[in-house]
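Structure data (mmCIF, C-alpha atoms) from work_33.cif:
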```
data_data
#
loop_
_atom_site.label_atom_id
_atom_site.label_comp_id
_atom_site.auth_asym_id
_atom_site.auth_seq_id
_atom_site.Cartn_x
_atom_site.Cartn_y
_atom_site.Cartn_z
CA MET A 1 45.29 58.53 24.17
CA LYS A 2 48.36 60.82 24.16
CA VAL A 3 48.67 63.46 21.45
CA LEU A 4 51.84 65.41 20.73
CA ILE A 5 51.06 68.91 19.43
CA ALA A 6 54.14 70.49 17.83
CA GLU A 7 53.25 74.07 16.89
CA ASP A 8 55.25 77.29 17.37
CA ASP A 9 52.19 79.57 17.31
CA THR A 10 51.06 79.86 20.92
CA PHE A 11 47.48 80.72 20.04
CA ILE A 12 47.07 77.71 17.72
CA ARG A 13 48.95 75.38 20.09
CA GLU A 14 46.80 76.28 23.08
CA GLY A 15 43.64 76.24 20.98
CA LEU A 16 44.35 72.71 19.79
CA ASN A 17 45.19 71.71 23.36
CA ASP A 18 41.81 72.95 24.61
CA LEU A 19 39.94 71.38 21.72
CA LEU A 20 41.55 67.94 21.99
CA SER A 21 41.49 67.91 25.79
CA ASN A 22 37.73 68.41 25.59
CA GLU A 23 37.57 65.45 23.22
CA GLY A 24 39.29 63.25 25.80
CA TYR A 25 42.90 63.26 24.57
CA SER A 26 45.91 63.82 26.82
CA CYS A 27 47.99 66.53 25.16
CA ILE A 28 51.76 67.08 25.14
CA LEU A 29 52.78 70.52 23.87
CA ALA A 30 55.99 71.53 22.11
CA GLU A 31 56.83 74.97 20.71
CA ASN A 32 59.58 73.88 18.33
CA GLY A 33 60.74 70.82 16.46
CA GLN A 34 63.61 69.92 18.79
CA LEU A 35 61.40 69.98 21.89
CA ALA A 36 58.82 67.95 19.98
CA TRP A 37 61.40 65.28 19.14
CA GLN A 38 62.45 65.08 22.80
CA ALA A 39 58.81 64.83 23.88
CA PHE A 40 58.17 62.11 21.29
CA GLN A 41 61.02 60.02 22.67
CA SER A 42 60.14 60.49 26.35
CA GLU A 43 56.33 60.61 26.31
CA LYS A 44 55.66 58.05 23.55
CA PRO A 45 52.46 59.64 22.17
CA GLU A 46 49.94 57.71 20.08
CA LEU A 47 49.12 60.57 17.69
CA VAL A 48 51.26 63.48 16.43
CA LEU A 49 50.16 66.87 15.09
CA LEU A 50 53.04 68.61 13.32
CA ASP A 51 53.33 72.19 12.16
CA ILE A 52 55.56 72.27 9.08
CA MET A 53 57.33 75.59 9.59
CA MET A 54 58.85 75.39 13.09
CA PRO A 55 62.14 76.66 14.55
CA GLU A 56 64.96 74.26 15.52
CA LYS A 57 63.57 71.43 13.38
CA ASP A 58 60.86 71.67 10.73
CA GLY A 59 57.89 69.34 10.48
CA TYR A 60 59.24 67.44 7.48
CA SER A 61 62.50 66.61 9.26
CA LEU A 62 60.66 65.62 12.41
CA CYS A 63 58.29 63.40 10.43
CA ARG A 64 61.28 61.59 8.89
CA GLU A 65 62.81 60.93 12.31
CA ILE A 66 59.52 59.74 13.79
CA ARG A 67 58.94 57.36 10.89
CA GLN A 68 62.42 55.89 11.35
CA HIS A 69 61.40 54.89 14.88
CA ASN A 70 57.69 54.20 14.42
CA GLN A 71 56.00 53.31 11.14
CA ASN A 72 52.47 53.10 12.52
CA ILE A 73 51.85 56.16 14.68
CA PRO A 74 49.35 58.54 13.01
CA ILE A 75 50.86 61.87 11.93
CA ILE A 76 48.81 64.88 10.85
CA PHE A 77 50.49 67.97 9.40
CA ILE A 78 49.20 71.40 10.39
CA THR A 79 50.23 73.88 7.76
CA ALA A 80 49.41 77.15 6.06
CA LYS A 81 51.07 75.92 2.88
CA SER A 82 48.53 75.02 0.22
CA GLU A 83 50.76 74.12 -2.72
CA GLU A 84 50.17 70.60 -4.01
CA ILE A 85 53.91 69.76 -3.94
CA ASP A 86 54.02 70.35 -0.18
CA GLN A 87 51.11 67.99 0.39
CA VAL A 88 52.67 65.34 -1.82
CA LEU A 89 55.99 65.62 0.02
CA GLY A 90 54.28 65.30 3.38
CA LEU A 91 52.35 62.23 2.31
CA GLU A 92 55.49 60.66 0.84
CA LEU A 93 57.20 61.16 4.20
CA GLY A 94 54.43 59.19 5.86
CA ALA A 95 51.83 61.72 7.02
CA ASP A 96 48.31 60.38 7.40
CA ASP A 97 46.45 63.63 6.79
CA TYR A 98 46.63 67.42 6.57
CA ILE A 99 44.90 70.21 8.48
CA MET A 100 45.19 73.49 6.60
CA LYS A 101 45.35 76.84 8.39
CA PRO A 102 43.06 78.58 9.04
CA PHE A 103 40.85 75.71 10.16
CA GLY A 104 37.52 75.28 11.93
CA THR A 105 37.00 73.21 15.05
CA ARG A 106 34.57 70.82 13.35
CA GLU A 107 37.12 70.04 10.63
CA VAL A 108 39.88 69.37 13.18
CA ILE A 109 37.66 67.09 15.25
CA ALA A 110 36.44 65.19 12.18
CA ARG A 111 39.94 64.61 10.81
CA ILE A 112 41.41 63.59 14.15
CA ARG A 113 38.53 61.23 14.91
CA ALA A 114 38.98 59.63 11.48
CA VAL A 115 42.71 59.08 12.05
CA THR A 116 42.03 57.84 15.60
CA ARG A 117 39.54 55.28 14.30
CA ARG A 118 42.07 53.92 11.83
CA TYR A 119 44.70 53.74 14.57
CA LEU A 120 42.42 51.97 17.03
CA LYS A 121 41.35 49.47 14.39
CA THR A 122 44.96 48.54 13.63
CA GLN A 123 45.64 48.13 17.35
CA THR A 124 42.67 45.81 17.88
CA GLN A 125 42.34 44.01 14.55
CA HIS A 126 43.78 40.81 16.01
CA LYS A 127 41.78 41.09 19.21
CA GLN A 128 38.21 40.09 19.95
CA ASN A 129 35.55 42.59 18.93
CA ASN A 130 34.75 44.62 22.05
CA SER A 131 31.45 46.13 20.91
CA PHE A 132 28.52 45.86 23.31
CA ASN A 133 24.78 46.47 23.39
CA LEU A 134 23.35 49.33 25.42
CA HIS A 135 19.55 49.53 25.37
CA ASP A 136 18.73 49.89 21.66
CA LEU A 137 22.28 50.95 20.81
CA VAL A 138 25.36 49.04 19.74
CA ILE A 139 28.53 50.72 21.01
CA TYR A 140 31.74 50.34 18.97
CA PRO A 141 34.53 51.78 21.18
CA ASP A 142 37.31 51.19 18.65
CA GLU A 143 35.36 53.06 15.98
CA LEU A 144 34.30 55.96 18.25
CA ARG A 145 30.76 55.24 17.16
CA ALA A 146 27.38 53.95 18.24
CA GLN A 147 24.60 52.60 16.07
CA ARG A 148 20.82 52.61 16.45
CA GLY A 149 19.24 50.68 13.62
CA GLU A 150 20.60 52.27 10.46
CA GLN A 151 21.69 55.45 12.26
CA ILE A 152 25.44 55.88 12.84
CA ILE A 153 26.38 58.15 15.76
CA ASP A 154 29.88 59.64 15.98
CA LEU A 155 31.34 59.85 19.48
CA SER A 156 34.45 61.34 21.06
CA LEU A 157 37.08 59.52 23.11
CA ARG A 158 35.61 61.06 26.27
CA ASP A 159 32.09 59.98 25.25
CA ILE A 160 33.39 56.42 24.96
CA LYS A 161 35.15 56.63 28.34
CA ILE A 162 31.96 57.78 30.04
CA ILE A 163 29.78 55.17 28.37
CA LYS A 164 32.22 52.34 29.12
CA LEU A 165 32.52 53.36 32.78
CA LEU A 166 28.75 53.65 33.28
CA TYR A 167 28.22 50.37 31.42
CA ALA A 168 30.84 48.54 33.51
CA MET A 169 29.02 49.71 36.66
CA ARG A 170 25.50 49.40 35.23
CA GLY A 171 22.80 49.26 37.84
CA LYS A 172 24.98 51.28 40.23
CA VAL A 173 25.28 55.03 40.63
CA VAL A 174 28.61 56.41 39.45
CA ASP A 175 29.37 59.51 41.49
CA ARG A 176 30.82 62.68 40.03
CA ASP A 177 34.30 62.25 41.52
CA THR A 178 34.63 58.80 39.97
CA LEU A 179 33.51 60.10 36.59
CA PHE A 180 36.03 62.93 36.71
CA ASN A 181 38.89 60.71 37.92
CA GLN A 182 38.26 57.99 35.33
CA CYS A 183 37.18 60.07 32.33
CA TRP A 184 39.05 63.36 32.79
CA GLY A 185 42.00 62.36 34.99
CA ARG A 186 42.84 62.92 38.62
CA ASP A 187 44.68 66.15 37.86
CA TYR A 188 41.62 67.73 36.29
CA PHE A 189 39.98 70.55 38.27
CA ALA A 190 36.49 69.19 38.78
CA SER A 191 33.48 71.30 37.81
CA SER A 192 29.92 70.05 38.08
CA ARG A 193 28.98 72.33 35.19
CA THR A 194 31.63 70.73 32.94
CA LEU A 195 30.30 67.26 33.69
CA ASP A 196 26.65 68.19 33.30
CA GLN A 197 27.33 69.97 30.01
CA HIS A 198 29.17 66.96 28.63
CA ILE A 199 26.45 64.54 29.69
CA SER A 200 23.87 66.84 28.11
CA LYS A 201 25.84 66.88 24.85
CA LEU A 202 26.25 63.08 24.96
CA ARG A 203 22.52 62.63 25.53
CA LYS A 204 21.76 64.73 22.45
CA ALA A 205 23.83 62.23 20.48
CA ILE A 206 22.60 58.90 21.89
CA GLU A 207 19.15 59.48 23.40
CA VAL A 208 15.98 59.26 21.32
CA ASP A 209 14.55 62.05 23.48
CA PRO A 210 17.36 63.91 25.29
CA LYS A 211 14.84 65.72 27.51
CA ASN A 212 13.54 62.35 28.76
CA PRO A 213 16.69 60.18 28.79
CA THR A 214 16.37 56.42 29.02
CA VAL A 215 20.02 55.42 28.51
CA ILE A 216 21.88 57.63 31.02
CA LYS A 217 19.86 58.42 34.13
CA THR A 218 20.57 61.35 36.43
CA ILE A 219 20.67 60.56 40.14
CA HIS A 220 20.28 64.04 41.59
CA GLY A 221 22.94 65.10 44.03
CA VAL A 222 25.04 61.98 43.40
CA GLY A 223 25.88 61.21 39.77
CA TYR A 224 24.66 59.09 36.85
CA ARG A 225 23.57 55.52 36.20
CA ILE A 226 22.93 53.11 33.33
CA GLU A 227 20.38 50.39 34.01
#
```
Rewrite the structure from the file as structure tokens, please.
Amino acid sequence: MKVLIAEDDTFIREGLNDLLSNEGYSCILAENGQLAWQAFQSEKPELVLLDIMMPEKDGYSLCREIRQHNQNIPIIFITAKSEEIDQVLGLELGADDYIMKPFGTREVIARIRAVTRRYLKTQTQHKQNNSFNLHDLVIYPDELRAQRGEQIIDLSLRDIKIIKLLYAMRGKVVDRDTLFNQCWGRDYFASSRTLDQHISKLRKAIEVDPKNPTVIKTIHGVGYRIE
């Protein structure tokens, strides 16, 4: 899922890029409103994060132009402005949510996952439900969630990519290169530590006992497998 990050503060822009890339999004970066508008037209993102106060073209103006071309794409404003009138104006222009500076990583992830779920639901509402059973779990890819009994488990886009790939090849070992190519992208610089850390984090979410996993098995020296 492509995300356009339009933010003139380099530190915030790169921080959001790192955070969302780790979540499994493909990020397009723009340092001002005019470059963001060009990137929107050429890259056709599926989610937009807009700083309000940007050079060349501010976030409000950019939001208006985007909405003239696409009424459905999720737009989240990133702003240091806290006045109620600014929030009302942004929502009237068609923003889906706000992230207020300074913000924490957990808040950003929670808000973006919520907007992503709404977007995915609208994209698949006329399609067949693509949930599937995995051991004692039900996986809901379009909701970025899994369920075990009454327990709801929030997942990231990358978590879903990994689970879907392992499930599609269940019974077979999926090697590390395939996992990186399919779930991170071929341009990603592969690191065994990155993969192992992510699998460990995923196990903490979906395994009953992460130290003795039954859903995702490790095949030492090769990769991972789902039975």
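Excluding His198 in chain A itself and any same-chain residue fewer than 3 positions from it, the protein and nucleic acid residues within 12 Å of it, counting all atoms listed in the file, are Asn22, Glu23, Gly24, Leu155, Ser156, Arg158, Asp159, Ile160, Lys161, Ile162, Ile163, Leu179, Phe180, Cys183, Trp184, Ser191, Ser192, Arg193, Thr194, Leu195, Lys201, Leu202, Arg203, Lys204 and Ala205 of chain A.
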Quick one: 8 Å padding each side, axis-aligned, all listed atoms of range 131-146 of chain A - centre and edge lengths in Å to one decimal, as JSON?
```
{"center_x": 28.0, "center_y": 50.9, "center_z": 20.7, "size_x": 34.6, "size_y": 26.1, "size_z": 25.4}
```
For the file shown, report as an NGL selection string the outcome of the PyMOL selection byres ((chain A and resi 109-118) around 9) at residue level.
:A and (19-20 or 23 or 47 or 74-76 or 96-99 or 104-108 or 119-123 or 142-144 or 154-157)
If the PyMOL selection byres ((chain A and resi 5) around 8) is run on the structure shown, which residues does it catch, given as a VMD selection string?
chain A and resid 3 to 4 6 to 7 13 16 to 17 27 to 30 36 48 to 50
Please provide the set of residues having any atom within 8 Å of Gly223 in chain A, restricted to only C-alpha atoms, with same-chain residues fewer than 5 positions apart removed, written as a list in words.
Val173, Val174, Asp175, Arg176 and Thr218 of chain A
Reconstruct range 50-67 of chain A at the level of N, CA, C and O atoms, and format the result as a JSON list (two decimals), in the coordinates of the input.
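Output contents, as saved in part07.json:
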```json
[["chain", "number", "residue", "atom", "x", "y", "z"],
["A", 50, "LEU", "N", 51.80, 67.92, 13.63],
["A", 50, "LEU", "CA", 53.04, 68.61, 13.32],
["A", 50, "LEU", "C", 52.82, 69.86, 12.48],
["A", 50, "LEU", "O", 52.27, 69.78, 11.38],
["A", 51, "ASP", "N", 53.24, 71.00, 13.00],
["A", 51, "ASP", "CA", 53.33, 72.19, 12.16],
["A", 51, "ASP", "C", 54.53, 72.00, 11.24],
["A", 51, "ASP", "O", 55.55, 71.41, 11.64],
["A", 52, "ILE", "N", 54.44, 72.45, 10.01],
["A", 52, "ILE", "CA", 55.56, 72.27, 9.08],
["A", 52, "ILE", "C", 56.67, 73.28, 9.33],
["A", 52, "ILE", "O", 57.84, 72.92, 9.46],
["A", 53, "MET", "N", 56.32, 74.55, 9.43],
["A", 53, "MET", "CA", 57.33, 75.59, 9.59],
["A", 53, "MET", "C", 57.54, 75.89, 11.08],
["A", 53, "MET", "O", 56.82, 76.69, 11.67],
["A", 54, "MET", "N", 58.52, 75.20, 11.67],
["A", 54, "MET", "CA", 58.85, 75.39, 13.09],
["A", 54, "MET", "C", 60.34, 75.70, 13.24],
["A", 54, "MET", "O", 61.15, 75.25, 12.43],
["A", 55, "PRO", "N", 60.71, 76.44, 14.27],
["A", 55, "PRO", "CA", 62.14, 76.66, 14.55],
["A", 55, "PRO", "C", 62.80, 75.39, 15.06],
["A", 55, "PRO", "O", 62.12, 74.45, 15.47],
["A", 56, "GLU", "N", 64.13, 75.38, 15.02],
["A", 56, "GLU", "CA", 64.96, 74.26, 15.52],
["A", 56, "GLU", "C", 64.92, 73.04, 14.60],
["A", 56, "GLU", "O", 65.96, 72.53, 14.19],
["A", 57, "LYS", "N", 63.71, 72.59, 14.26],
["A", 57, "LYS", "CA", 63.57, 71.43, 13.38],
["A", 57, "LYS", "C", 62.20, 71.53, 12.72],
["A", 57, "LYS", "O", 61.18, 71.65, 13.41],
["A", 58, "ASP", "N", 62.15, 71.51, 11.39],
["A", 58, "ASP", "CA", 60.86, 71.67, 10.73],
["A", 58, "ASP", "C", 60.06, 70.37, 10.77],
["A", 58, "ASP", "O", 60.56, 69.31, 11.12],
["A", 59, "GLY", "N", 58.78, 70.48, 10.40],
["A", 59, "GLY", "CA", 57.89, 69.34, 10.48],
["A", 59, "GLY", "C", 58.28, 68.19, 9.58],
["A", 59, "GLY", "O", 58.12, 67.02, 9.94],
["A", 60, "TYR", "N", 58.81, 68.50, 8.38],
["A", 60, "TYR", "CA", 59.24, 67.44, 7.48],
["A", 60, "TYR", "C", 60.37, 66.61, 8.09],
["A", 60, "TYR", "O", 60.35, 65.38, 8.07],
["A", 61, "SER", "N", 61.36, 67.30, 8.65],
["A", 61, "SER", "CA", 62.50, 66.61, 9.26],
["A", 61, "SER", "C", 62.05, 65.76, 10.45],
["A", 61, "SER", "O", 62.49, 64.62, 10.64],
["A", 62, "LEU", "N", 61.16, 66.34, 11.25],
["A", 62, "LEU", "CA", 60.66, 65.62, 12.41],
["A", 62, "LEU", "C", 59.85, 64.39, 12.00],
["A", 62, "LEU", "O", 59.97, 63.33, 12.61],
["A", 63, "CYS", "N", 59.07, 64.54, 10.94],
["A", 63, "CYS", "CA", 58.29, 63.40, 10.43],
["A", 63, "CYS", "C", 59.21, 62.27, 10.00],
["A", 63, "CYS", "O", 58.96, 61.10, 10.28],
["A", 64, "ARG", "N", 60.31, 62.61, 9.31],
["A", 64, "ARG", "CA", 61.28, 61.59, 8.89],
["A", 64, "ARG", "C", 61.84, 60.83, 10.08],
["A", 64, "ARG", "O", 61.92, 59.59, 10.08],
["A", 65, "GLU", "N", 62.22, 61.57, 11.13],
["A", 65, "GLU", "CA", 62.81, 60.93, 12.31],
["A", 65, "GLU", "C", 61.79, 60.05, 13.03],
["A", 65, "GLU", "O", 62.12, 58.95, 13.48],
["A", 66, "ILE", "N", 60.55, 60.53, 13.13],
["A", 66, "ILE", "CA", 59.52, 59.74, 13.79],
["A", 66, "ILE", "C", 59.28, 58.45, 13.02],
["A", 66, "ILE", "O", 59.18, 57.37, 13.61],
["A", 67, "ARG", "N", 59.20, 58.55, 11.70],
["A", 67, "ARG", "CA", 58.94, 57.36, 10.89],
["A", 67, "ARG", "C", 60.10, 56.35, 10.95],
["A", 67, "ARG", "O", 59.88, 55.15, 10.78]]
```
